[in-house]
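Working notes for the structure below.
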There are 2 protein chains.
Amino acid sequence: MTPLPTSMFAIVQTHHGYSGKATGPSIQNASDWLAETEMPVPEPGAGQVLIRLRASSVNPSDLHFIKGEYGQPRVKGSPAGFEGCGDVVATGAGAEGLQGQRVAFMATHSGAWAEYALTDAQMCIPLRPDISDDDGSAQIVNPMTAMAMVDLARQAGDAFIVSAATSQLGKLMCSLGRDLGLKPIAIVRRAETVAALKELGAHEVLVTSDPDMLQKFSALSKELKPRVFLDAVADQISEQIFCAMPNGARWVCYGKLSPELPKLTQTGQLIFMGKKIEGFWLTQWMTATPREDVVRVVAEVQARFADGRWKTDVSEKLTLKNVMSGLVDALQKSDGKVIITP
Amino acid sequence: MTPLPTSMFAIVQTHHGYSGKATGPSIQNASDWLAETEMPVPEPGAGQVLIRLRASSVNPSDLHFIKGEYGQPRVKGSPAGFEGCGDVVATGAGAEGLQGQRVAFMATHSGAWAEYALTDAQMCIPLRPDISDDDGSAQIVNPMTAMAMVDLARQAGDAFIVSAATSQLGKLMCSLGRDLGLKPIAIVRRAETVAALKELGAHEVLVTSDPDMLQKFSALSKELKPRVFLDAVADQISEQIFCAMPNGARWVCYGKLSPELPKLTQTGQLIFMGKKIEGFWLTQWMTATPREDVVRVVAEVQARFADGRWKTDVSEKLTLKNVMSGLVDALQKSDGKVIITP
């Protein structure tokens, strides 16, 4: 066995804690939030594993996080990146079973945008050999969120609404919804994406730039009675969609792509119509959901990637050394994931 | 038995349906929304009762309703007024058991601001003889809402927040909370009400005009961990209180005293903190709650009024003939109910 190096290349956070702002998951300059560095390879403690990176993905939550707008505080000097896949090369007490395995992981102790990441054994999912590294690097955040949220929608009825439907997560939810016999109503910004989304599984697609969008939604809402709105945007249009939904509807925010702060224009929707506004966070879902249900969902996710029902659309690949110079441009390309490799 | 008259004096709605606005429960001129008229005394159908009015009360929901901002549409020419007490003087098939009884009622078919009101038998509560007509006229909307909402708060913990705490309903909730061993945190607009509210049962009282109010609330929130906010105001201060509440908190809107439309400034509160925004409507609660639980709550409400733990503070009494000229001025007097008598 090759001995591990003592130092590694990493893209690290340059700020500490929370920003107290909510400006959304976009960045102008990588150097506002990130820096490259050589740093010691971390050592796994009890229950932890060290992973040599194969590929990591860039999610909106990564951008929220490095900007200090996520559900946990930044640690200055610690590698960024929540999600990746790689090989377990060292293990702490109690985690020996994972030694040598290729895993998808969520990085809880030292981030995924580095040559080595450190996380808890329970945040690792061993990968089937027929899952590619690219798919493996985006196996948890989006696919698990899609499974959990569509399940939540299914419990409330046939039809549900997905905003930002051209995002990787939006597409997963549209196709999963169709496969389950449900009726996903997709909300998008650009008309040129409509056909592809319908092909993928959306029952209807509405375009926010269409001046008649809300009128069309109202008619659809009366017909299909969608009771769950899975929303990554959380702007005023989201609020108006919520107001046009039927009795008992739930506006489930799981992201905040828009910096606009939506006004609650109709308190009566809450009082008289029994509607609710709430959130969804995968981390919380993973904690609150019984282990056997999580395992079942993990297996279903891998099966969908293995047989091609789901795939990760890659918009650009960057090596770690190209992140600082290339990340902002890579993120401009829509409709796919940016993947980072060592 | 004296035969019933064929016509009656009534204060009727002058608009139809919904206004589509949300301007709050205040009126400048009674004649913008109401008119006095002589009209036929309604006749009870199956399951209905005709009630000769003793007293009716004016609730914020009555004002929301006549302005077209409530959960059910106006009917032009039909009497206004949701709540009152009186004597059942005629009954339809199946409602004969209530004949001759003095009842508190919610008017579902012909409103309470009239010499006679028509409602469903199931919307009537026979009154104990030791309950006064004044208390009887405000026996349902506020007391039942207080009981139901404090029960909801109790299920979530010791401490809860009550806005507009000087309202009749706010006072009922503070005293009920204290009696149940809970810690009501009262939010008020004016400092001069603090002592009286503490006397009545509020554990702490915060004044919205105090520039340090939110800071004080944050400290209180960390100490007492209130998880339910019973809110009749729904303005930006309400939203900020919600943001300062602990994990898992629920903002329960049951009224809309402020015309301000609050912005959702921190989507992360929903996503990462597991918080929810929802509503409470007594009508929905009465429908969804098992009959035996409603009966238990009714008995407890009457017991509290009978032994003096609760009372209706009357700010002014108006006869039906004085409503058009006197209602607006009477509503200016704070901290008590306006009662209407025949």
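Please note that chains go A, B, ... in the order of the structure tokens, that every chain numbers its residues from 1, and that ligands are numbered from 1 in the order shown.
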
Exercise. Select all residues from chain A having any atom no more than 10 Å from an atom of chain B (counting only C-alpha atoms, ignoring ligands), output as a count of residues only.
Key: 44

Practice problem: Pick out the residues sitting within 8 Å of stretch 148-165 of chain A, and hand them over as a list of chain:residue names; count only C-alpha atoms, and ignore anything fewer than 5 positions along from it in its own chain. | Solution: A:Gly170, A:Lys171, A:Met173, A:Cys174, A:Leu176, A:Gly177, A:Gly181, A:Leu182, A:Lys183, A:Pro184, A:Ile185, A:Ala186, A:Ile187, A:Val188, A:Arg189, A:Leu197, A:Leu224, A:Lys225, A:Pro226, A:Arg227, A:Val228, A:Phe229, A:Leu230, A:Asp231, A:Ala232, A:Val233, A:Phe280, A:Trp285

Quiz prompt | Polymer residues at most 6 Å from stretch 2-12 of chain B, only C-alpha atoms, same-chain spacing of 6 or more positions, as a PyMOL selection string | solution = chain B and resi 34-41+77-80+113-115

Exercise. Once DSSP has gone over the backbone, tell me which residues of stretch 229-303 of chain B are in helix (DSSP H, G or I), as a VMD selection string.
Key: chain B and resid 236 to 244 267 to 271 282 to 288 291 to 303

Quiz item: What does the distance between atom CA of A:Phe305 and atom CA of A:Ile66 come to in Å, to one decimal place?
Solution: 28.9 Å

Quiz prompt | Non-local contacts of A:Val58 (10 Å; only C-alpha atoms; under 4 positions in same chain excluded) as a list of chain:residue names | solution = A:Asp62, A:Leu63, A:Ala80, A:Gly81, A:Phe82, A:Glu83, A:Gly84, A:Ala112, A:Trp113, A:Ser137, A:Ala138, A:Leu327, A:Leu331, A:Lys337, A:Val338, A:Ile339, A:Ile340

Serialized selection, N, CA, C and O atoms, as an mmCIF file, in the first residue's frame:
```cif
data_model
loop_
_atom_site.group_PDB
_atom_site.id
_atom_site.type_symbol
_atom_site.label_atom_id
_atom_site.label_comp_id
_atom_site.auth_asym_id
_atom_site.auth_seq_id
_atom_site.Cartn_x
_atom_site.Cartn_y
_atom_site.Cartn_z
ATOM 1 N N ASP A 62 -23.377 24.604 -1.947
ATOM 2 C CA ASP A 62 -21.959 24.933 -1.756
ATOM 3 C C ASP A 62 -21.734 26.441 -1.842
ATOM 4 O O ASP A 62 -20.937 27.001 -1.085
ATOM 5 N N LEU A 63 -22.443 27.068 -2.791
ATOM 6 C CA LEU A 63 -22.271 28.515 -2.976
ATOM 7 C C LEU A 63 -22.916 29.285 -1.822
ATOM 8 O O LEU A 63 -22.355 30.239 -1.292
ATOM 9 N N ALA A 80 -13.725 23.751 1.101
ATOM 10 C CA ALA A 80 -15.139 23.875 0.746
ATOM 11 C C ALA A 80 -15.616 22.579 0.096
ATOM 12 O O ALA A 80 -14.833 21.640 -0.087
ATOM 13 N N GLY A 81 -16.907 22.524 -0.270
ATOM 14 C CA GLY A 81 -17.437 21.387 -1.018
ATOM 15 C C GLY A 81 -18.111 20.354 -0.144
ATOM 16 O O GLY A 81 -17.479 19.733 0.703
ATOM 17 N N PHE A 82 -19.416 20.147 -0.385
ATOM 18 C CA PHE A 82 -20.164 19.212 0.453
ATOM 19 C C PHE A 82 -20.153 17.776 -0.068
ATOM 20 O O PHE A 82 -20.260 16.843 0.695
ATOM 21 N N GLU A 83 -20.057 17.616 -1.400
ATOM 22 C CA GLU A 83 -20.396 16.300 -1.950
ATOM 23 C C GLU A 83 -19.344 15.802 -2.943
ATOM 24 O O GLU A 83 -18.823 16.582 -3.733
ATOM 25 N N GLY A 84 -19.085 14.507 -2.905
ATOM 26 C CA GLY A 84 -18.143 13.955 -3.872
ATOM 27 C C GLY A 84 -18.177 12.446 -3.888
ATOM 28 O O GLY A 84 -19.005 11.809 -3.226
ATOM 29 N N ALA A 112 -14.985 18.570 0.194
ATOM 30 C CA ALA A 112 -14.790 17.699 -0.968
ATOM 31 C C ALA A 112 -14.021 18.360 -2.104
ATOM 32 O O ALA A 112 -13.692 17.702 -3.074
ATOM 33 N N TRP A 113 -13.751 19.691 -2.002
ATOM 34 C CA TRP A 113 -12.991 20.339 -3.058
ATOM 35 C C TRP A 113 -11.506 20.318 -2.668
ATOM 36 O O TRP A 113 -10.864 21.365 -2.507
ATOM 37 N N SER A 137 -20.357 11.420 -7.965
ATOM 38 C CA SER A 137 -20.040 12.689 -7.295
ATOM 39 C C SER A 137 -21.289 13.525 -7.032
ATOM 40 O O SER A 137 -21.233 14.530 -6.325
ATOM 41 N N ALA A 138 -22.421 13.119 -7.615
ATOM 42 C CA ALA A 138 -23.671 13.874 -7.412
ATOM 43 C C ALA A 138 -24.783 12.892 -7.075
ATOM 44 O O ALA A 138 -25.889 12.957 -7.594
ATOM 45 N N LEU A 327 -14.170 28.635 -12.097
ATOM 46 C CA LEU A 327 -15.463 28.284 -11.500
ATOM 47 C C LEU A 327 -16.591 29.227 -11.922
ATOM 48 O O LEU A 327 -17.683 28.771 -12.297
ATOM 49 N N LEU A 331 -19.950 28.098 -13.986
ATOM 50 C CA LEU A 331 -21.296 28.162 -13.397
ATOM 51 C C LEU A 331 -22.275 28.915 -14.297
ATOM 52 O O LEU A 331 -23.489 28.817 -14.114
ATOM 53 N N LYS A 337 -24.244 20.151 -14.262
ATOM 54 C CA LYS A 337 -23.424 20.259 -13.054
ATOM 55 C C LYS A 337 -21.983 20.569 -13.419
ATOM 56 O O LYS A 337 -21.451 20.056 -14.407
ATOM 57 N N VAL A 338 -21.339 21.369 -12.582
ATOM 58 C CA VAL A 338 -19.893 21.536 -12.661
ATOM 59 C C VAL A 338 -19.274 20.460 -11.773
ATOM 60 O O VAL A 338 -19.665 20.301 -10.611
ATOM 61 N N ILE A 339 -18.356 19.697 -12.349
ATOM 62 C CA ILE A 339 -17.686 18.613 -11.622
ATOM 63 C C ILE A 339 -16.217 19.003 -11.409
ATOM 64 O O ILE A 339 -15.578 19.534 -12.327
ATOM 65 N N ILE A 340 -15.718 18.760 -10.217
ATOM 66 C CA ILE A 340 -14.318 19.062 -9.894
ATOM 67 C C ILE A 340 -13.556 17.750 -9.725
ATOM 68 O O ILE A 340 -14.015 16.856 -9.001
#
```

Quiz item: Just asking: which residues within stretch 2-248 of chain A are strand (DSSP E or B) according to DSSP, as a ChimeraX atom specification?
Solution: /A:7-13,17,34-40,48-58,74,79,83-91,102-106,110,114,116-120,124-126,159-162,183-188,204-207,228-231

Quiz prompt | Close residues, B:Pro211 itself excluded, 12 Å, only C-alpha atoms, min 5 positions apart in chain, as number ranges by chain | solution = B: 189, 206, 216-217, 237

Exercise. Quick one: everything within 8 Å of B:Ser175, counting only C-alpha atoms, minus sequence neighbours fewer than 5 positions away in the same chain. Send it as a PyMOL selection string.
Key: chain B and resi 200-202

Self-check item: Within 8 Å of B:Cys124 using only C-alpha atoms, minus same-chain residues under 6 positions, as number ranges by chain
Solution: B: 103-106

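Atom pair atom CA of A:Leu318 / atom CA of A:Asn29: separated by 15.9 Å.
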